[in-house]
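upload-v4.tsv follows; it contains TSV, C-alpha atoms.
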```
chain	number	residue	atom	x	y	z
A	1	MET	CA	-6.38	127.73	207.15
A	2	LYS	CA	-5.10	124.38	205.86
A	3	LYS	CA	-8.01	124.31	203.49
A	4	TYR	CA	-7.04	127.65	202.03
A	5	LEU	CA	-3.47	126.59	201.84
A	6	ALA	CA	-4.43	123.54	199.84
A	7	LEU	CA	-6.49	125.63	197.50
A	8	LEU	CA	-3.49	127.85	196.98
A	9	ILE	CA	-1.01	125.02	196.39
A	10	LEU	CA	-3.13	123.06	193.98
A	11	PRO	CA	-3.21	125.77	191.31
A	12	LEU	CA	0.47	126.24	191.88
A	13	VAL	CA	1.11	122.57	191.21
A	14	PHE	CA	-0.93	122.74	188.03
A	15	PHE	CA	0.89	125.86	187.04
A	16	VAL	CA	4.28	124.27	187.56
A	17	ALA	CA	3.11	121.17	185.79
A	18	SER	CA	1.94	123.19	182.87
A	19	CYS	CA	5.22	125.00	182.78
A	20	THR	CA	7.08	121.70	182.67
A	21	ASP	CA	4.96	120.49	179.73
A	22	SER	CA	5.61	123.61	177.80
A	23	THR	CA	9.42	123.18	177.92
A	24	THR	CA	9.32	119.56	176.63
A	25	ASP	CA	9.91	119.30	172.77
A	26	PRO	CA	7.04	117.77	170.82
A	27	VAL	CA	7.89	114.29	169.40
A	28	GLU	CA	8.97	114.79	165.74
A	29	GLN	CA	7.12	112.73	163.21
A	30	LYS	CA	9.53	110.90	160.84
A	31	GLY	CA	9.18	108.94	157.64
A	32	SER	CA	11.10	107.40	154.71
A	33	VAL	CA	10.99	107.56	150.96
A	34	LEU	CA	12.24	105.14	148.31
A	35	ILE	CA	13.93	106.99	145.43
A	36	GLN	CA	14.20	105.18	142.07
A	37	SER	CA	15.28	106.28	138.63
A	38	ASN	CA	15.54	105.03	135.12
A	39	PRO	CA	18.32	104.35	134.52
A	40	ALA	CA	19.42	103.48	138.02
A	41	GLY	CA	22.68	104.63	139.57
A	42	ALA	CA	21.94	108.32	139.93
A	43	LYS	CA	23.42	110.17	142.89
A	44	ILE	CA	20.80	111.38	145.36
A	45	PHE	CA	20.93	114.90	146.72
A	46	LEU	CA	18.54	116.06	149.43
A	47	ALA	CA	18.05	119.80	149.63
A	48	GLY	CA	21.28	120.08	147.66
A	49	VAL	CA	23.27	117.84	149.99
A	50	ASP	CA	24.81	114.65	148.61
A	51	GLN	CA	23.37	111.77	150.54
A	52	GLY	CA	26.15	109.41	149.45
A	53	LYS	CA	23.57	107.13	147.93
A	54	VAL	CA	22.57	106.16	144.41
A	55	THR	CA	19.21	105.04	143.09
A	56	PRO	CA	17.38	102.92	143.95
A	57	GLU	CA	17.75	103.79	147.63
A	58	THR	CA	15.53	104.65	150.60
A	59	LEU	CA	16.07	107.88	152.45
A	60	THR	CA	15.17	107.37	156.05
A	61	ASP	CA	14.57	109.47	159.08
A	62	LEU	CA	13.11	112.31	157.12
A	63	THR	CA	10.82	114.72	158.80
A	64	THR	CA	7.31	114.71	157.55
A	65	GLY	CA	6.46	117.12	154.84
A	66	ALA	CA	8.03	118.18	151.54
A	67	HIS	CA	11.65	117.62	150.63
A	68	GLN	CA	13.52	118.58	147.50
A	69	VAL	CA	15.46	115.75	145.89
A	70	THR	CA	17.89	116.02	142.98
A	71	LEU	CA	19.24	113.10	140.96
A	72	LYS	CA	22.53	113.37	139.07
A	73	LEU	CA	23.95	110.90	136.57
A	74	ASP	CA	26.67	111.35	133.96
A	75	GLY	CA	25.21	111.90	130.53
A	76	TYR	CA	21.81	112.84	131.91
A	77	ASN	CA	20.23	116.10	132.82
A	78	ASP	CA	19.99	116.79	136.59
A	79	THR	CA	16.45	116.11	137.70
A	80	THR	CA	14.94	117.85	140.73
A	81	PHE	CA	11.60	116.94	142.24
A	82	THR	CA	9.73	117.19	145.54
A	83	VAL	CA	8.82	114.24	147.67
A	84	THR	CA	6.32	114.35	150.50
A	85	VAL	CA	7.22	112.38	153.59
A	86	THR	CA	4.52	111.05	155.84
A	87	ALA	CA	4.95	109.94	159.40
A	88	ASN	CA	6.05	106.44	160.15
A	89	THR	CA	5.80	105.19	156.60
A	90	THR	CA	8.08	104.54	153.66
A	91	VAL	CA	6.78	106.26	150.58
A	92	ASN	CA	7.52	104.35	147.39
A	93	TRP	CA	8.12	107.34	145.15
A	94	SER	CA	7.46	106.67	141.53
A	95	SER	CA	10.54	106.08	139.40
A	96	ILE	CA	12.05	109.16	137.87
A	97	ASN	CA	12.87	108.99	134.16
A	98	LEU	CA	16.20	110.71	133.64
A	99	THR	CA	16.46	112.49	130.34
A	100	PRO	CA	19.71	112.09	128.40
A	101	MET	CA	21.84	115.11	127.68
A	102	THR	CA	22.16	115.64	123.95
A	103	ALA	CA	24.35	117.89	121.86
A	104	THR	CA	23.34	119.08	118.43
A	105	TYR	CA	26.00	119.75	115.82
A	106	GLY	CA	26.16	120.99	112.28
A	107	PRO	CA	25.78	121.51	109.50
A	108	ILE	CA	29.43	120.48	109.25
A	109	GLN	CA	31.08	119.87	105.89
A	110	ILE	CA	33.26	116.87	105.14
A	111	TRP	CA	34.90	115.99	101.85
A	112	GLU	CA	35.65	112.81	99.98
A	113	THR	CA	39.05	111.24	100.55
A	114	SER	CA	40.54	111.76	97.07
A	115	GLY	CA	41.72	114.96	95.50
A	116	THR	CA	41.36	117.00	98.68
A	117	SER	CA	43.68	119.20	100.70
A	118	ALA	CA	44.38	119.24	104.43
A	119	ALA	CA	41.79	121.98	104.72
A	120	GLN	CA	39.14	119.58	103.47
A	121	PRO	CA	38.83	116.90	106.16
A	122	SER	CA	36.86	113.72	105.63
A	123	GLY	CA	36.39	112.51	109.18
A	124	LEU	CA	34.03	113.42	112.01
A	125	ASP	CA	34.30	113.07	115.76
A	126	LEU	CA	30.66	112.67	116.75
A	127	SER	CA	31.11	113.54	120.41
A	128	SER	CA	32.91	116.83	119.90
A	129	GLY	CA	31.46	117.90	116.58
A	130	ASN	CA	34.93	118.35	115.08
A	131	ALA	CA	35.99	117.36	111.59
A	132	TYR	CA	39.43	115.79	111.21
A	133	GLY	CA	41.48	114.44	108.35
A	134	ILE	CA	42.00	110.72	108.29
A	135	GLY	CA	45.45	110.75	106.68
A	136	SER	CA	48.39	109.42	108.63
A	137	SER	CA	49.68	112.93	109.27
A	138	SER	CA	46.38	114.31	110.52
A	139	ALA	CA	46.05	115.27	114.14
A	140	ASN	CA	43.24	113.68	116.14
A	141	ARG	CA	42.56	111.17	113.41
A	142	THR	CA	42.10	108.49	116.04
A	143	ALA	CA	39.07	110.38	117.35
A	144	VAL	CA	37.29	109.97	114.03
A	145	ASP	CA	34.08	107.93	114.20
A	146	ILE	CA	32.90	108.19	110.60
A	147	TYR	CA	34.27	109.60	107.34
A	148	TYR	CA	33.22	110.33	103.78
A	149	THR	CA	35.07	108.23	101.27
A	150	SER	CA	35.61	108.41	97.51
A	151	ASN	CA	35.40	104.65	97.51
A	152	GLY	CA	31.76	104.25	96.62
A	153	PHE	CA	30.87	107.71	97.90
A	154	VAL	CA	29.50	106.62	101.23
A	155	VAL	CA	29.81	107.87	104.77
A	156	THR	CA	31.34	104.94	106.56
A	157	SER	CA	32.77	103.63	109.79
A	158	ALA	CA	36.22	104.93	110.68
A	159	ASP	CA	37.66	101.45	110.99
A	160	ASN	CA	37.31	101.05	107.23
A	161	ALA	CA	40.20	103.52	106.84
A	162	THR	CA	43.77	102.33	107.13
A	163	GLY	CA	45.11	102.90	110.61
A	164	LEU	CA	41.81	103.88	112.19
A	165	THR	CA	40.10	101.62	114.66
A	166	ARG	CA	36.88	103.16	115.90
A	167	LYS	CA	33.90	101.19	114.68
A	168	THR	CA	30.53	102.84	114.14
A	169	TYR	CA	27.32	101.10	113.11
A	170	PHE	CA	24.59	102.58	110.89
A	171	LYS	CA	20.83	102.10	110.70
A	172	VAL	CA	18.59	104.13	108.43
A	173	GLY	CA	15.69	105.67	110.34
A	174	GLY	CA	12.11	106.13	109.29
A	175	GLY	CA	11.94	109.88	109.03
A	176	SER	CA	13.69	112.93	107.71
A	177	VAL	CA	13.10	115.45	110.50
A	178	LEU	CA	16.10	115.20	112.77
A	179	THR	CA	14.29	116.74	115.73
A	180	ASP	CA	11.19	114.54	115.58
A	181	GLY	CA	12.13	112.92	118.88
A	182	VAL	CA	11.93	109.38	117.56
A	183	ALA	CA	14.23	107.08	119.47
A	184	SER	CA	16.63	104.66	117.87
A	185	SER	CA	16.14	100.96	117.94
A	186	VAL	CA	18.72	99.09	119.95
A	187	LYS	CA	21.75	98.22	117.86
A	188	ASP	CA	21.60	94.68	116.54
A	189	ASN	CA	23.21	92.67	113.77
A	190	THR	CA	21.09	94.31	111.07
A	191	TRP	CA	23.08	97.51	111.46
A	192	THR	CA	25.69	98.16	108.76
A	193	ASP	CA	28.95	100.07	108.47
A	194	ARG	CA	27.88	102.80	106.03
A	195	MET	CA	25.26	105.09	104.57
A	196	THR	CA	24.98	106.51	101.08
A	197	ASP	CA	25.84	110.17	100.64
A	198	ARG	CA	22.40	110.72	99.10
A	199	GLN	CA	20.43	109.31	102.01
A	200	THR	CA	17.43	111.51	102.68
A	201	ASN	CA	16.23	109.90	105.91
A	202	TYR	CA	18.08	110.42	109.14
A	203	VAL	CA	20.34	107.58	110.17
A	204	TYR	CA	21.06	106.24	113.65
A	205	LEU	CA	24.66	105.60	114.58
A	206	TYR	CA	26.12	103.57	117.41
A	207	ASP	CA	29.75	104.41	118.10
A	208	ALA	CA	32.72	102.79	119.76
A	209	ASP	CA	31.89	104.50	123.06
A	210	MET	CA	28.37	103.06	123.08
A	211	HIS	CA	26.68	106.36	122.31
A	212	TYR	CA	23.80	106.73	119.89
A	213	THR	CA	23.70	109.53	117.34
A	214	LYS	CA	20.99	110.61	114.94
A	215	ILE	CA	22.47	112.10	111.78
A	216	ILE	CA	21.16	113.46	108.51
A	217	ILE	CA	22.68	114.62	105.21
A	218	ASP	CA	21.84	118.29	105.11
A	219	SER	CA	23.29	119.06	101.66
A	220	TYR	CA	25.90	117.87	99.22
A	221	GLY	CA	27.93	119.07	96.26
A	222	GLY	CA	31.13	118.87	94.25
A	223	GLY	CA	32.13	115.59	92.71
A	224	ASN	CA	33.80	116.84	89.55
A	225	PRO	CA	37.41	117.29	88.49
A	226	ASN	CA	39.00	120.09	90.57
A	227	ASP	CA	35.96	120.06	92.86
A	228	PRO	CA	35.92	117.15	95.30
A	229	ALA	CA	32.62	115.79	96.49
A	230	TRP	CA	31.37	116.89	99.89
A	231	VAL	CA	28.42	116.51	102.21
A	232	LYS	CA	27.16	118.64	105.07
A	233	VAL	CA	25.73	116.74	107.99
A	234	LYS	CA	23.78	117.62	111.11
A	235	TRP	CA	23.41	115.33	114.07
A	236	ILE	CA	22.19	114.89	117.61
A	237	TYR	CA	24.66	113.15	119.87
A	238	ASN	CA	23.26	111.34	122.88
A	239	GLN	CA	25.76	111.81	125.71
A	240	ALA	CA	24.24	109.05	127.79
A	241	LYS	CA	25.75	105.67	127.07
A	242	ASP	CA	23.48	103.08	125.54
A	243	ASP	CA	20.50	105.40	125.64
A	244	VAL	CA	18.43	105.35	122.46
A	245	ARG	CA	16.30	108.40	123.19
A	246	PHE	CA	16.48	111.67	121.29
A	247	LYS	CA	13.91	113.82	123.05
B	248	MET	CA	119.06	38.92	12.61
B	249	PHE	CA	116.61	36.72	14.39
B	250	THR	CA	118.15	37.63	17.65
B	251	LYS	CA	117.95	41.26	16.82
B	252	THR	CA	114.31	40.88	15.85
B	253	LYS	CA	113.63	38.85	18.93
B	254	HIS	CA	115.30	41.41	20.99
B	255	SER	CA	113.25	44.17	19.44
B	256	PHE	CA	110.07	42.25	20.03
B	257	LEU	CA	111.00	41.77	23.60
B	258	HIS	CA	111.61	45.49	23.93
B	259	PHE	CA	108.27	46.17	22.33
B	260	ALA	CA	106.55	43.70	24.58
B	261	LEU	CA	108.00	45.34	27.60
B	262	LEU	CA	107.43	48.87	26.45
B	263	PHE	CA	103.87	48.45	25.24
B	264	PRO	CA	102.30	47.91	28.61
B	265	VAL	CA	104.40	50.63	30.07
B	266	LEU	CA	103.46	53.04	27.35
B	267	THR	CA	99.90	51.98	27.53
B	268	PHE	CA	100.00	52.54	31.26
B	269	PHE	CA	101.48	56.00	30.89
B	270	LEU	CA	99.10	56.76	28.09
B	271	PHE	CA	96.28	55.75	30.33
B	272	ILE	CA	97.63	57.67	33.21
B	273	GLY	CA	98.34	60.58	30.95
B	274	CYS	CA	94.78	60.56	29.80
B	275	GLU	CA	93.62	60.58	33.34
B	276	LYS	CA	95.93	63.45	34.22
B	277	LYS	CA	94.63	65.43	31.29
B	278	GLU	CA	91.12	65.28	32.61
B	279	VAL	CA	92.11	66.67	35.97
B	280	PRO	CA	92.90	70.22	34.79
B	281	LYS	CA	89.64	70.21	32.90
B	282	GLU	CA	87.81	69.55	36.06
B	283	THR	CA	89.92	72.08	37.91
B	284	VAL	CA	89.06	74.76	35.41
B	285	LYS	CA	85.47	73.87	35.60
B	286	THR	CA	85.57	74.00	39.36
B	287	THR	CA	87.37	77.31	39.31
B	288	THR	CA	84.77	78.77	37.05
B	289	GLU	CA	81.99	77.63	39.27
B	290	THR	CA	83.51	78.96	42.48
B	291	THR	CA	84.45	82.37	41.19
B	292	PRO	CA	82.64	84.83	43.57
B	293	GLN	CA	79.90	86.61	41.81
B	294	PRO	CA	79.55	90.33	42.35
B	295	ALA	CA	77.06	90.87	45.25
B	296	VAL	CA	73.63	91.39	43.86
B	297	GLU	CA	71.62	93.80	46.00
B	298	GLN	CA	68.57	91.83	46.99
B	299	PRO	CA	65.49	94.01	47.50
B	300	LYS	CA	65.07	94.30	51.30
B	301	VAL	CA	61.90	92.66	52.49
B	302	GLU	CA	60.77	94.96	55.30
B	303	GLU	CA	59.84	92.76	58.20
B	304	LYS	CA	56.72	94.49	59.30
B	305	LYS	CA	56.56	94.63	63.10
B	306	ALA	CA	53.28	93.28	64.37
B	307	VAL	CA	51.16	96.07	65.74
B	308	LEU	CA	50.27	95.67	69.37
B	309	ASP	CA	46.73	94.64	69.95
B	310	LEU	CA	45.40	97.36	72.21
B	311	LYS	CA	41.83	96.21	72.28
B	312	GLY	CA	40.56	95.33	75.70
B	313	THR	CA	39.64	96.74	79.08
B	314	TYR	CA	42.06	98.64	81.26
B	315	THR	CA	41.35	99.49	84.87
B	316	GLY	CA	43.13	101.65	87.41
B	317	THR	CA	42.95	105.21	88.61
B	318	LEU	CA	42.95	108.68	87.15
B	319	ASP	CA	43.22	111.56	89.60
B	320	SER	CA	42.93	108.89	92.30
B	321	ARG	CA	39.49	107.90	91.02
B	322	ALA	CA	38.59	104.45	89.83
B	323	THR	CA	38.82	104.48	86.05
B	324	THR	CA	37.98	102.06	83.26
B	325	LEU	CA	39.26	102.43	79.71
B	326	ARG	CA	37.75	100.27	77.01
B	327	ILE	CA	39.45	100.11	73.62
B	328	THR	CA	36.97	98.54	71.27
B	329	GLU	CA	38.26	99.43	67.80
B	330	GLN	CA	41.77	99.34	66.41
B	331	THR	CA	42.99	99.86	62.88
B	332	ASP	CA	46.73	99.58	62.67
B	333	THR	CA	47.95	102.23	65.09
B	334	THR	CA	44.73	104.13	65.57
B	335	PHE	CA	42.14	103.09	68.06
B	336	SER	CA	38.97	104.24	69.75
B	337	GLY	CA	36.78	103.37	72.67
B	338	SER	CA	35.48	104.88	75.89
B	339	ILE	CA	36.64	105.87	79.31
B	340	THR	CA	34.78	106.12	82.60
B	341	ILE	CA	36.25	108.12	85.49
B	342	ASN	CA	34.42	107.63	88.74
B	343	TYR	CA	34.18	111.10	90.16
B	344	ARG	CA	31.04	111.51	92.28
B	345	GLU	CA	29.55	112.79	89.06
B	346	ALA	CA	31.06	110.08	86.89
B	347	ILE	CA	32.61	111.06	83.57
B	348	HIS	CA	31.81	108.91	80.56
B	349	GLN	CA	33.78	109.92	77.49
B	350	LYS	CA	34.44	108.57	74.04
B	351	ILE	CA	38.11	108.53	73.17
B	352	SER	CA	40.25	108.10	70.10
B	353	GLY	CA	43.96	107.64	70.06
B	354	LEU	CA	47.17	106.85	68.32
B	355	LEU	CA	49.89	104.35	69.11
B	356	ASP	CA	53.53	105.12	68.45
B	357	GLN	CA	54.88	101.65	68.78
B	358	ASP	CA	58.53	102.63	68.21
B	359	LYS	CA	58.37	104.86	71.25
B	360	MET	CA	55.72	102.76	73.01
B	361	VAL	CA	53.69	105.91	73.56
B	362	ILE	CA	49.98	106.40	73.33
B	363	THR	CA	48.10	109.64	72.88
B	364	MET	CA	44.35	109.88	73.23
B	365	LYS	CA	41.74	112.58	73.39
B	366	ASP	CA	38.21	112.92	74.66
B	367	MET	CA	35.75	113.15	71.81
B	368	LEU	CA	32.63	114.49	73.54
B	369	HIS	CA	32.23	118.13	74.37
B	370	SER	CA	32.70	118.77	78.07
B	371	ARG	CA	34.37	121.37	80.23
B	372	TYR	CA	36.37	118.50	81.67
B	373	ALA	CA	37.46	117.04	78.31
B	374	GLY	CA	41.14	116.73	77.66
B	375	THR	CA	44.02	114.74	76.27
B	376	TYR	CA	45.89	111.75	77.53
B	377	SER	CA	49.54	110.97	77.03
B	378	ALA	CA	50.82	107.67	78.27
B	379	LYS	CA	53.79	105.39	78.18
B	380	LEU	CA	53.02	101.80	77.33
B	381	SER	CA	54.79	99.03	79.15
B	382	GLU	CA	56.89	96.60	77.09
B	383	ASP	CA	54.25	93.92	77.20
B	384	GLY	CA	51.65	96.51	76.19
B	385	LYS	CA	49.54	95.84	79.22
B	386	LYS	CA	50.13	98.89	81.34
B	387	LEU	CA	49.47	102.54	80.56
B	388	SER	CA	50.89	105.26	82.76
B	389	GLY	CA	50.75	108.93	81.97
B	390	THR	CA	49.12	112.29	82.32
B	391	PHE	CA	45.71	113.65	81.52
B	392	THR	CA	45.47	117.36	80.75
B	393	GLN	CA	42.18	119.21	80.74
B	394	ASN	CA	41.62	121.34	77.68
B	395	VAL	CA	40.05	124.27	79.48
B	396	GLU	CA	41.72	124.56	82.83
B	397	LYS	CA	44.93	122.82	81.80
B	398	THR	CA	44.82	120.89	85.03
B	399	LYS	CA	46.98	117.81	84.94
B	400	SER	CA	46.19	114.49	86.56
B	401	THR	CA	48.18	111.31	86.53
B	402	PHE	CA	46.73	107.97	85.61
B	403	SER	CA	47.79	104.37	85.62
B	404	LEU	CA	45.78	101.64	83.96
B	405	SER	CA	46.39	97.93	83.53
B	406	LYS	CA	44.87	95.61	80.98
B	407	LYS	CA	42.56	93.05	82.46
```
Any chance you could put this one into structure tokens?
Amino acid sequence: MKKYLALLILPLVFFVASCTDSTTDPVEQKGSVLIQSNPAGAKIFLAGVDQGKVTPETLTDLTTGAHQVTLKLDGYNDTTFTVTVTANTTVNWSSINLTPMTATYGPIQIWETSGTSAAQPSGLDLSSGNAYGIGSSSANRTAVDIYYTSNGFVVTSADNATGLTRKTYFKVGGGSVLTDGVASSVKDNTWTDRMTDRQTNYVYLYDADMHYTKIIIDSYGGGNPNDPAWVKVKWIYNQAKDDVRFK
Amino acid sequence: MFTKTKHSFLHFALLFPVLTFFLFIGCEKKEVPKETVKTTTETTPQPAVEQPKVEEKKAVLDLKGTYTGTLDSRATTLRITEQTDTTFSGSITINYREAIHQKISGLLDQDKMVITMKDMLHSRYAGTYSAKLSEDGKKLSGTFTQNVEKTKSTFSLSKK
């Protein structure tokens, strides 16, 4: 009888034991990933949630498998990518190149400084794409980065006008297709304060807010009595500070 | 008798020098009126003779030279290269974007210190210049009027 009882209990023990095992959670496999970007300093979002960290930074305690990461930095396009986390390791994810946000403006017409009316502004605000007069009574004149002057018929840095302070540097580029994607060189002491109004190549600008612009003379006209000279310009404004790229 | 004669001689001796003296004086006095008359004749004012007026010809200002300044707010250079009396000629360059190069000829009215000039080459922008000349003749300020559109522009130029 005892023998039968033992045979009956033993399966019961195994059964209970198996039941106990089945209620215990499996041990989660965790890993880490190092997030880097160029430039650094981008905010890191994981599955849309701000992690309170900026690149370069390691995200830890991530479950194994795929995770969606988004990087956000002022002046740059948001960049989303997927990282794969493996158990018990820190994945050194390759650096993410952030692409600068750019704004394209024009053609916008500006006139020479002499013989013009208030409706014929000479100045340009590169960041907003607005044309403003540079006279003392003109609104927003302090936002002007460059202007077209009758003095030598050049497009020149705003600080060459009385009362204006913003300084912009100029460097003639090697091409004439504004959208060719060619980056600027880094501003150095070979950059000047003007460009001729008959320049056919695009020209790189570096403004007082440390933004690069790629500009080109689209067309020109006037320049006679009763018909002041003008130019129409188009440009790409790089909204990322100190970023020379125009792709 | 002798006494009488002696007395007479004495009188004569006394009188002779006196008479001689008066005679001498009298002669001198006689000459004075002569001289007076002569003097009077010489100093008599002559009727004013109208002298032919020698017109002092005022020196004509030398306008030749280079004048720089602005016309219609554009940098401008006027060169006066020829001058004959009050007429002159030269060239003017007005630095619009499409610069204007014109030949000019003009006239100086020195009494009024006014200059008038005109463009000599055919152009839709040709016109005439009227300017006041400064007293030292070194500054021209006035108005340019286009022949076609009658547009007026001010200018001010100074001699270099």
Using all atoms listed in the file and a cut-off of 12 Å, which residues of chain A sit close to chain B? Please list them as a compact mmCIF listing (two decimals) with C-alpha atoms, in the frame of the given file.
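See out.txt below for the written result:
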```txt
# COMPACT_ATOMS: atom_id res chain seq x y z
CA TRP A 111 34.90 115.99 101.85
CA GLU A 112 35.65 112.81 99.98
CA THR A 113 39.05 111.24 100.55
CA SER A 114 40.54 111.76 97.07
CA GLY A 115 41.72 114.96 95.50
CA THR A 116 41.36 117.00 98.68
CA TYR A 148 33.22 110.33 103.78
CA THR A 149 35.07 108.23 101.27
CA SER A 150 35.61 108.41 97.51
CA ASN A 151 35.40 104.65 97.51
CA GLY A 152 31.76 104.25 96.62
CA PHE A 153 30.87 107.71 97.90
CA VAL A 154 29.50 106.62 101.23
CA THR A 196 24.98 106.51 101.08
CA ASP A 197 25.84 110.17 100.64
CA ARG A 198 22.40 110.72 99.10
CA TYR A 220 25.90 117.87 99.22
CA GLY A 221 27.93 119.07 96.26
CA GLY A 222 31.13 118.87 94.25
CA GLY A 223 32.13 115.59 92.71
CA ASN A 224 33.80 116.84 89.55
CA PRO A 225 37.41 117.29 88.49
CA ASN A 226 39.00 120.09 90.57
CA ASP A 227 35.96 120.06 92.86
CA PRO A 228 35.92 117.15 95.30
CA ALA A 229 32.62 115.79 96.49
CA TRP A 230 31.37 116.89 99.89
CA VAL A 231 28.42 116.51 102.21
```
Next item on the list: Dump as an NGL selection string all residues having an atom at most 9 Å from (18.0, 115.5, 100.8), computed in the file's coordinates with all atoms listed in the file.
Entry: :A and (176 or 198-201 or 216-220)
Item checked: Expected answer as a list in words: all residues with atoms within 9 Å of (24.6, 110.1, 145.3), all atoms listed in the file -> Gly41, Ala42, Lys43, Ile44, Phe45, Asp50, Gln51, Gly52, Lys53, Val54, Thr55, Leu71, Lys72 and Leu73 of chain A
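The space between atom CA of Thr142 of chain A and atom CA of Ala158 of chain A spans 8.7 Å.
If you look at atom CA of Ser137 of chain A and atom CA of Val155 of chain A, they are 21.0 Å away from each other.
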Item checked: Contact residues around Gln330 of chain B with all atoms listed in the file at 9 Å, ignoring same-chain residues under 6 positions, as a PyMOL selection string -> chain B and resi 309-311+336-337
Please write the residues from the selection above to a file, keeping C-alpha atoms, as a PDB file, in the coordinates of the input.
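File written: result.pdb
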```
ATOM      1  CA  ASP B 309      46.730  94.640  69.950  1.00  0.00           C
ATOM      2  CA  LEU B 310      45.400  97.360  72.210  1.00  0.00           C
ATOM      3  CA  LYS B 311      41.830  96.210  72.280  1.00  0.00           C
ATOM      4  CA  SER B 336      38.970 104.240  69.750  1.00  0.00           C
ATOM      5  CA  GLY B 337      36.780 103.370  72.670  1.00  0.00           C
TER       6      GLY B 337
END
```
Check: Please, what distance in Å, to one decimal, runs between atom CA of His369 of chain B and atom CA of Gln349 of chain B?
Finding: 8.9 Å
For segment 53-65 of chain A, take all atoms listed in the file, fit an axis-aligned box around them, add 5 Å to each of the six sides, then output centre and edge lengths in Å rounded to one decimal, as AutoDock Vina command-line options.
```
--center_x 15.0 --center_y 110.0 --center_z 151.1 --size_x 27.1 --size_y 24.2 --size_z 26.0
```
Next item on the list: Find the residue from B:Leu355, B:Thr334, B:His348, B:Asp383 that sits nearest to Leu368 of chain B; use only C-alpha atoms when measuring.
Entry: B:His348
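Among the candidate residues A:Val172, A:Met195, A:Ala208, A:Ala139, the one lying nearest to Asp159 of chain A is A:Ala208, with distances computed using all atoms listed in the file.
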So which residues touch Ala47 of chain A within 9 Å, counting only C-alpha atoms, skipping near sequence neighbours fewer than 4 positions away, as a CSV table (one decimal) with C-alpha atoms, in the frame of the given file?
```
chain,number,residue,atom,x,y,z
A,67,HIS,CA,11.6,117.6,150.6
A,68,GLN,CA,13.5,118.6,147.5
A,69,VAL,CA,15.5,115.8,145.9
A,70,THR,CA,17.9,116.0,143.0
```
Next item on the list: Considering all atoms listed in the file, return as a ChimeraX atom specification whatever protein or nucleic-acid residues lie within 10 Å of Tyr132 of chain A, sequence-local ones (same chain, fewer than 5 positions apart) excluded.
Entry: /A:110,118-125,138-145,147
Margin query: When you count all atoms listed in the file, which of these residues is closest to Leu98 of chain A: A:Ala183, A:Val27, A:Leu126, A:Ala240?
Written below: A:Ala240
Next item on the list: For Thr192 of chain A, work out the shell of residues within 10 Å, counting only C-alpha atoms and skipping chain neighbours fewer than 4 positions away, then give it as number ranges by chain.
Entry: A: 156-157, 168-172, 187-188, 205
Using the partial input, fill out segment 350-361 of chain B with N, CA and C atoms; write the result as an mmCIF file, in the frame of the given file.
```cif
data_model
loop_
_atom_site.group_PDB
_atom_site.id
_atom_site.type_symbol
_atom_site.label_atom_id
_atom_site.label_comp_id
_atom_site.auth_asym_id
_atom_site.auth_seq_id
_atom_site.Cartn_x
_atom_site.Cartn_y
_atom_site.Cartn_z
ATOM 1 N N LYS B 350 33.951 109.368 75.168
ATOM 2 C CA LYS B 350 34.440 108.570 74.040
ATOM 3 C C LYS B 350 35.859 109.057 73.763
ATOM 4 N N ILE B 351 36.723 108.141 73.416
ATOM 5 C CA ILE B 351 38.110 108.530 73.170
ATOM 6 C C ILE B 351 38.568 107.986 71.813
ATOM 7 N N SER B 352 39.553 108.663 71.244
ATOM 8 C CA SER B 352 40.250 108.100 70.100
ATOM 9 C C SER B 352 41.737 108.364 70.312
ATOM 10 N N GLY B 353 42.545 107.499 69.761
ATOM 11 C CA GLY B 353 43.960 107.640 70.060
ATOM 12 C C GLY B 353 44.869 107.073 68.999
ATOM 13 N N LEU B 354 46.135 107.244 69.261
ATOM 14 C CA LEU B 354 47.170 106.850 68.320
ATOM 15 C C LEU B 354 48.299 106.166 69.086
ATOM 16 N N LEU B 355 48.784 105.088 68.509
ATOM 17 C CA LEU B 355 49.890 104.350 69.110
ATOM 18 C C LEU B 355 51.176 104.631 68.344
ATOM 19 N N ASP B 356 52.192 105.027 69.042
ATOM 20 C CA ASP B 356 53.530 105.120 68.450
ATOM 21 C C ASP B 356 54.314 103.944 69.022
ATOM 22 N N GLN B 357 54.330 102.885 68.242
ATOM 23 C CA GLN B 357 54.880 101.650 68.780
ATOM 24 C C GLN B 357 56.409 101.704 68.929
ATOM 25 N N ASP B 358 57.069 102.515 68.083
ATOM 26 C CA ASP B 358 58.530 102.630 68.210
ATOM 27 C C ASP B 358 58.882 103.230 69.575
ATOM 28 N N LYS B 359 58.101 104.211 69.963
ATOM 29 C CA LYS B 359 58.370 104.860 71.250
ATOM 30 C C LYS B 359 57.548 104.267 72.383
ATOM 31 N N MET B 360 56.652 103.365 72.023
ATOM 32 C CA MET B 360 55.720 102.760 73.010
ATOM 33 C C MET B 360 54.972 103.865 73.768
ATOM 34 N N VAL B 361 54.433 104.772 72.982
ATOM 35 C CA VAL B 361 53.690 105.910 73.560
ATOM 36 C C VAL B 361 52.300 105.933 72.944
#
```
